[in-house]
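One structure below.
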Amino acid sequence: MSLSVESLARIAIQLQSGISHQDRFQRLINTLRQLLGCDASALLRYEQRQFRPLAIDGLAPDVLGRRFSLDAHPRLEAIARAGDVVRFPADSHLPDPYDGLIPNRQDLKVHACIGLPLFADQTLIGALTIDGMDPAQFDHFSDEELRLVGALASAALTNALLVEQLESQTITPLSISNIPAGKPGTEMVGLSEVMRQLKREIEMVAGSDLNVLITGETGVGKELVAKAIHEGSSRAGQSVVYLNCAALPESVAESELFGHVKGAFTGAIHHRTGKFEMADNGTLFLDEIGELSLSLQAKLLRVLQYGDLQRVGDDNVLRVNVRVLAATNRDLKQEVLDNRFRADLFHRLSVFPVHVPPLRERGQDITLLAGFFCEKSRERMGLKRVALAANCLSLLKQYTWPGNVRELEHAVYRATIIARATQQSDELLLEAQHFNQVPEQMDTPPVALDVPSLGVDQGLRDATDDFQRQLIDNTLNNCARKWSACARMLDMDVANLHRLAKRLGLK
């Protein structure tokens, strides 16, 4: 059976109906599955040498969160390079990226596979993939018919990208080549309404030069938000400098921020450039700013107000042009009322506050993030496949994730290690028993790392220190006591980790 004019018209109509691009893309994929009789289909966007799923049908829901790099997936690289319809033979030696990701068929491999690269002005912007279990499933469709389907999808994706550019108020000339793709490490995975709102707020404030206060619980991804704001700003070509205020001993904090001159104090054997100077004309990200002492807050306020600073031990005044993005998991309004944070600094920083929602409020994003981290774990450990069992996804969605996105990332990576050891294979299926941090109400092992319970004689700071101390020590043990590997697992700068460990008495 060939594609009729009516069926092609139906695809075109589906792409013009719907209230959002996401809705239209999903309608396209659903229609294609019906018309072509495929077992699975996906619309992918191409950016930064990887394909990102925009809509899927017949695939595991966590696929939407996965990112398929060309270097790791030779079939997708072949589609990206082809420039035309690609039909993979049933006996192709190239692994299919969706093997094991079709629900209830984890043990079966895809046998019929077609790839349609999507172009705009000869620029690759995406791909359509069509898969089936029968090797001859698509033989009766001609390449010309499939090219027409690809052309309709290309037009829809092109329009969506151009609208996206207009909505972000880009001032560069309107063309596909000018549409920015998220840099590796700055993408925020999520389709929930609270994440859509967060992304809208980031788009609004990024183009300004306002200082931004980023609030949220530990592990929600505040640093990722700071990077996204920087990448969307006019300072994106300059550096973004990171400083964790909680890891700063009081004795060196001023020097870290503002620098010092030789001889300023005992041990100052040479000049040192502070973080503000390093970030001149760029962005300075001050993480856990609520940990700064009141005296340092006053000096920080002066730099924010007037743009001038003095190195420790130096009478000369330096001028800097720095945008400050600050983050905290504390309630700074309450800290101001308790006289632990300066009100004038709080108001200077919170001209445009951005709140990052906890993972428990993000619903479907847990599934997407689980898929995202499965793919990262697969690449990191050199595996062919890391898939999530259906019962495992149900388990993950019921857990409250007090450690938020960071806890989920570590849980998936840890489960991958356990599954590899027990399954003795490079094609893994993660199941409920591979996760050892699920809630007590589920019949699974308890959390290996418990958040310390607060007693009447223990304040928040002491409890936080206890938790950080235990987390670092456990992570070090998992990393064979290697500090650099521990820093990567905790998503920290290794120098900041050393300083924090010293403050906590771990070194």
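Residues are named by chain letter and number: chains run A, B, ... in the order of the structure tokens, numbers start at 1 in each chain, and ligands are numbered from 1 in the order shown.
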
Pick out the residues sitting within 9 Å of range 84-88 of chain A, and hand them over as a compact mmCIF listing (two decimals) with C-alpha atoms, in the first residue's frame; count only C-alpha atoms, and ignore anything fewer than 3 positions along from it in its own chain.
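The file below, around.txt, is the result:
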# COMPACT_ATOMS: atom_id res chain seq x y z
CA ARG A 75 22.88 4.74 12.80
CA ALA A 78 24.55 7.74 9.11
CA ILE A 79 21.20 9.52 8.93
CA ARG A 81 25.41 12.38 6.94
CA ASP A 91 21.12 -7.60 9.08
CA SER A 92 22.87 -4.24 9.56
CA LEU A 94 25.03 -0.95 13.27
CA HIS A 111 14.60 -5.15 12.35
CA ALA A 112 13.22 -2.55 9.93
CA CYS A 113 14.57 0.96 10.26
CA ILE A 114 14.22 4.07 8.09
CA GLY A 115 15.75 7.46 8.75
CA LEU A 116 14.63 10.74 7.16
CA PRO A 117 17.04 13.65 7.69
CA LEU A 118 15.25 17.01 7.95
CA ASP A 143 11.73 6.74 -1.38
CA GLU A 144 9.80 9.52 -3.13
CA LEU A 146 9.05 9.10 2.23
CA ARG A 147 10.77 12.26 0.95
CA GLY A 150 10.19 14.32 5.37

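By chain and then residue number, the residues within 10 Å of Gly58 in chain A are Ile29, Asn30, Arg33, Cys38, Asp39, Ala40, Ser41, Ala42, Leu101, Ile102, Pro103 and Asp131 of chain A, counting only C-alpha atoms and disregarding those fewer than 4 positions away in sequence.
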
At what distance in Å, to one decimal, does CA of Ile214 in chain A lie from CA of Val354 in chain A? 4.8 Å

Output as an MDAnalysis selection string all residues of range 248-481 of chain A that backbone DSSP marks as helix (DSSP H, G or I). chainID A and resid 250:258 275:278 289:291 294:306 332:337 343:349 359:361 365:381 390:398 404:423 432:434 460:478

Those residues you just picked out, can you put them in a file as an mmCIF file, in the first residue's frame with C-alpha atoms?
data_model
loop_
_atom_site.group_PDB
_atom_site.id
_atom_site.type_symbol
_atom_site.label_atom_id
_atom_site.label_comp_id
_atom_site.auth_asym_id
_atom_site.auth_seq_id
_atom_site.Cartn_x
_atom_site.Cartn_y
_atom_site.Cartn_z
ATOM 1 C CA GLU A 250 36.514 33.187 56.726
ATOM 2 C CA SER A 251 40.274 33.771 56.682
ATOM 3 C CA VAL A 252 40.569 33.489 52.883
ATOM 4 C CA ALA A 253 37.087 34.500 51.718
ATOM 5 C CA GLU A 254 37.945 38.153 51.073
ATOM 6 C CA SER A 255 41.061 37.189 49.131
ATOM 7 C CA GLU A 256 39.075 34.712 47.018
ATOM 8 C CA LEU A 257 36.512 37.353 46.134
ATOM 9 C CA PHE A 258 38.675 40.420 45.683
ATOM 10 C CA LYS A 275 37.039 36.067 41.349
ATOM 11 C CA PHE A 276 35.604 39.497 40.562
ATOM 12 C CA GLU A 277 38.610 40.399 38.441
ATOM 13 C CA MET A 278 38.495 37.037 36.707
ATOM 14 C CA ILE A 289 25.625 33.133 49.066
ATOM 15 C CA GLY A 290 23.692 32.887 52.327
ATOM 16 C CA GLU A 291 26.850 31.484 53.926
ATOM 17 C CA LEU A 294 28.036 40.035 57.365
ATOM 18 C CA SER A 295 31.385 41.812 56.944
ATOM 19 C CA LEU A 296 31.924 40.234 53.523
ATOM 20 C CA GLN A 297 28.344 41.007 52.567
ATOM 21 C CA ALA A 298 29.082 44.713 53.125
ATOM 22 C CA LYS A 299 32.140 44.582 50.849
ATOM 23 C CA LEU A 300 30.220 42.642 48.230
ATOM 24 C CA LEU A 301 27.467 45.264 48.304
ATOM 25 C CA ARG A 302 29.975 48.005 47.528
ATOM 26 C CA VAL A 303 31.172 46.207 44.405
ATOM 27 C CA LEU A 304 27.592 45.670 43.245
ATOM 28 C CA GLN A 305 26.682 49.319 43.855
ATOM 29 C CA TYR A 306 29.725 51.083 42.443
ATOM 30 C CA LEU A 332 17.002 34.907 52.668
ATOM 31 C CA LYS A 333 13.943 36.938 53.648
ATOM 32 C CA GLN A 334 13.922 35.142 56.982
ATOM 33 C CA GLU A 335 17.705 35.490 57.211
ATOM 34 C CA VAL A 336 17.253 39.267 56.864
ATOM 35 C CA LEU A 337 14.651 39.297 59.638
ATOM 36 C CA ALA A 343 18.641 43.714 53.749
ATOM 37 C CA ASP A 344 20.325 46.103 51.285
ATOM 38 C CA LEU A 345 22.326 43.269 49.714
ATOM 39 C CA PHE A 346 19.222 41.088 49.525
ATOM 40 C CA HIS A 347 17.297 43.782 47.648
ATOM 41 C CA ARG A 348 20.273 44.435 45.365
ATOM 42 C CA LEU A 349 20.465 40.758 44.416
ATOM 43 C CA LEU A 359 11.802 17.474 41.597
ATOM 44 C CA ARG A 360 8.715 16.256 43.491
ATOM 45 C CA GLU A 361 6.714 19.089 41.859
ATOM 46 C CA ASP A 365 10.033 15.156 34.336
ATOM 47 C CA ILE A 366 11.205 12.319 36.579
ATOM 48 C CA THR A 367 10.726 9.916 33.674
ATOM 49 C CA LEU A 368 12.563 12.212 31.239
ATOM 50 C CA LEU A 369 15.435 12.815 33.626
ATOM 51 C CA ALA A 370 15.749 9.103 34.349
ATOM 52 C CA GLY A 371 16.161 8.479 30.617
ATOM 53 C CA PHE A 372 18.605 11.377 30.319
ATOM 54 C CA PHE A 373 20.802 9.966 33.086
ATOM 55 C CA CYS A 374 20.536 6.427 31.714
ATOM 56 C CA GLU A 375 22.028 7.646 28.456
ATOM 57 C CA LYS A 376 24.766 9.548 30.309
ATOM 58 C CA SER A 377 25.560 6.450 32.354
ATOM 59 C CA ARG A 378 25.654 4.333 29.205
ATOM 60 C CA GLU A 379 28.177 6.680 27.588
ATOM 61 C CA ARG A 380 30.250 7.083 30.746
ATOM 62 C CA MET A 381 30.569 3.325 31.277
ATOM 63 C CA ALA A 390 8.371 -0.416 33.624
ATOM 64 C CA ASN A 391 8.166 -1.321 37.322
ATOM 65 C CA CYS A 392 11.298 0.713 37.910
ATOM 66 C CA LEU A 393 9.809 3.842 36.341
ATOM 67 C CA SER A 394 6.723 3.486 38.525
ATOM 68 C CA LEU A 395 8.947 3.247 41.575
ATOM 69 C CA LEU A 396 10.977 6.326 40.675
ATOM 70 C CA LYS A 397 7.857 8.422 40.136
ATOM 71 C CA GLN A 398 6.476 7.551 43.579
ATOM 72 C CA ASN A 404 16.200 16.340 43.904
ATOM 73 C CA VAL A 405 17.805 16.019 40.452
ATOM 74 C CA ARG A 406 21.291 15.378 41.819
ATOM 75 C CA GLU A 407 19.987 12.479 43.906
ATOM 76 C CA LEU A 408 18.223 10.996 40.879
ATOM 77 C CA GLU A 409 21.392 11.273 38.789
ATOM 78 C CA HIS A 410 23.477 9.494 41.410
ATOM 79 C CA ALA A 411 20.760 6.873 41.911
ATOM 80 C CA VAL A 412 20.669 6.003 38.191
ATOM 81 C CA TYR A 413 24.453 5.839 37.968
ATOM 82 C CA ARG A 414 24.669 3.670 41.082
ATOM 83 C CA ALA A 415 21.899 1.374 39.781
ATOM 84 C CA THR A 416 23.781 1.020 36.484
ATOM 85 C CA ILE A 417 26.895 -0.117 38.334
ATOM 86 C CA ILE A 418 24.882 -2.656 40.356
ATOM 87 C CA ALA A 419 23.061 -3.944 37.260
ATOM 88 C CA ARG A 420 26.309 -4.367 35.339
ATOM 89 C CA ALA A 421 27.769 -6.404 38.188
ATOM 90 C CA THR A 422 24.706 -8.663 38.479
ATOM 91 C CA GLN A 423 23.761 -9.041 34.801
ATOM 92 C CA ALA A 432 13.531 -1.850 41.083
ATOM 93 C CA GLN A 433 16.021 -3.944 43.045
ATOM 94 C CA HIS A 434 18.932 -2.004 41.540
ATOM 95 C CA LEU A 460 19.960 23.698 60.415
ATOM 96 C CA ARG A 461 23.623 24.577 59.855
ATOM 97 C CA ASP A 462 24.859 21.673 62.017
ATOM 98 C CA ALA A 463 22.457 19.268 60.343
ATOM 99 C CA THR A 464 23.600 20.483 56.921
ATOM 100 C CA ASP A 465 27.245 20.019 57.892
ATOM 101 C CA ASP A 466 26.508 16.487 59.114
ATOM 102 C CA PHE A 467 24.766 15.630 55.870
ATOM 103 C CA GLN A 468 27.558 17.089 53.701
ATOM 104 C CA ARG A 469 30.187 15.304 55.776
ATOM 105 C CA GLN A 470 28.435 11.948 55.379
ATOM 106 C CA LEU A 471 27.717 12.458 51.677
ATOM 107 C CA ILE A 472 31.339 13.364 50.864
ATOM 108 C CA ASP A 473 32.725 10.472 52.883
ATOM 109 C CA ASN A 474 30.369 7.929 51.271
ATOM 110 C CA THR A 475 31.065 9.284 47.791
ATOM 111 C CA LEU A 476 34.804 9.127 48.414
ATOM 112 C CA ASN A 477 34.452 5.485 49.373
ATOM 113 C CA ASN A 478 32.559 4.807 46.147
#

Could you pull the residues within 7 Å of Arg499 in chain A, counting only C-alpha atoms, minus those fewer than 3 positions along the same chain, as a ChimeraX atom specification? /A:247-248,495-496,502-503

Which residue out of A:Leu191, A:Val312, A:Leu210, A:Leu59 has the minimum interatomic distance to Ser233 in chain A when only C-alpha atoms are used? A:Leu210

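Closest approach to Gly37 in chain A among A:His140, A:His93, A:Arg24, A:His355: A:His140, based on only C-alpha atoms.
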
Closest of A:Val351, A:Cys486, A:Gly100, A:Leu43 to Leu429 in chain A - atom-to-atom distances counting only C-alpha atoms: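 Of all the options, A:Gly100 lies closest to Leu429 in chain A.
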
Near Ala327 in chain A, within 6 Å and counting only C-alpha atoms, which residues show up once chain neighbours fewer than 4 positions away are dropped, as a PyMOL selection string? chain A and resi 213-215+287-288

Go ahead and save the residues from that selection, with N, CA and C atoms, as a CSV table (one decimal), in the first residue's frame.
chain,number,residue,atom,x,y,z
A,213,LEU,N,18.9,36.5,41.7
A,213,LEU,CA,19.0,35.6,42.9
A,213,LEU,C,18.2,34.3,42.5
A,214,ILE,N,18.9,33.2,42.5
A,214,ILE,CA,18.4,31.9,42.2
A,214,ILE,C,18.2,31.1,43.5
A,215,THR,N,16.9,30.7,43.8
A,215,THR,CA,16.6,30.0,45.0
A,215,THR,C,16.1,28.6,44.7
A,287,ASP,N,27.6,30.7,44.5
A,287,ASP,CA,26.7,29.7,45.0
A,287,ASP,C,26.7,29.7,46.5
A,288,GLU,N,25.5,29.4,47.1
A,288,GLU,CA,25.3,29.4,48.6
A,288,GLU,C,25.8,30.7,49.2

Surrounding residues of Phe68 in chain A excluding itself and chain neighbours under 5 positions, 8 Å, only C-alpha atoms, as a PDB file with N, CA and C atoms, in the first residue's frame:
ATOM      1  N   GLN A  50      24.203  16.036  18.303  1.00  0.00           N
ATOM      2  CA  GLN A  50      23.361  15.047  18.963  1.00  0.00           C
ATOM      3  C   GLN A  50      21.918  15.250  18.539  1.00  0.00           C
ATOM      4  N   PHE A  51      21.120  14.204  18.663  1.00  0.00           N
ATOM      5  CA  PHE A  51      19.695  14.272  18.371  1.00  0.00           C
ATOM      6  C   PHE A  51      18.921  14.271  19.682  1.00  0.00           C
ATOM      7  N   ARG A  52      17.955  15.191  19.769  1.00  0.00           N
ATOM      8  CA  ARG A  52      17.102  15.305  20.955  1.00  0.00           C
ATOM      9  C   ARG A  52      15.660  14.997  20.559  1.00  0.00           C
ATOM     10  N   HIS A  73      26.128   6.731  18.526  1.00  0.00           N
ATOM     11  CA  HIS A  73      25.051   6.038  17.813  1.00  0.00           C
ATOM     12  C   HIS A  73      25.292   6.111  16.304  1.00  0.00           C
ATOM     13  N   LEU A  76      22.363   6.879  13.780  1.00  0.00           N
ATOM     14  CA  LEU A  76      21.948   8.276  13.710  1.00  0.00           C
ATOM     15  C   LEU A  76      22.997   9.119  12.991  1.00  0.00           C
ATOM     16  N   PRO A  97      19.545   2.644  18.063  1.00  0.00           N
ATOM     17  CA  PRO A  97      19.471   3.366  19.341  1.00  0.00           C
ATOM     18  C   PRO A  97      18.240   3.021  20.163  1.00  0.00           C
ATOM     19  N   GLU A 375      21.179   7.464  29.641  1.00  0.00           N
ATOM     20  CA  GLU A 375      22.028   7.646  28.456  1.00  0.00           C
ATOM     21  C   GLU A 375      23.407   8.155  28.856  1.00  0.00           C
TER      22      GLU A 375
END

Could you work out how far CA of Tyr46 in chain A lies from CA of Ala153 in chain A, giving the answer in Å with one decimal? 13.4 Å

With DSSP run on the backbone, what are the strand (DSSP E or B) residues within range 307-481 of chain A? I'd like them as a PyMOL selection string. chain A and resi 308-309+312+318-319+323-328+352-355+385-388+427-430

For the atom pair CA of Val194 in chain A and CA of Asp493 in chain A, what is the interatomic distance in Å to one decimal place?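 Going from CA of Val194 in chain A over to CA of Asp493 in chain A covers 28.7 Å.
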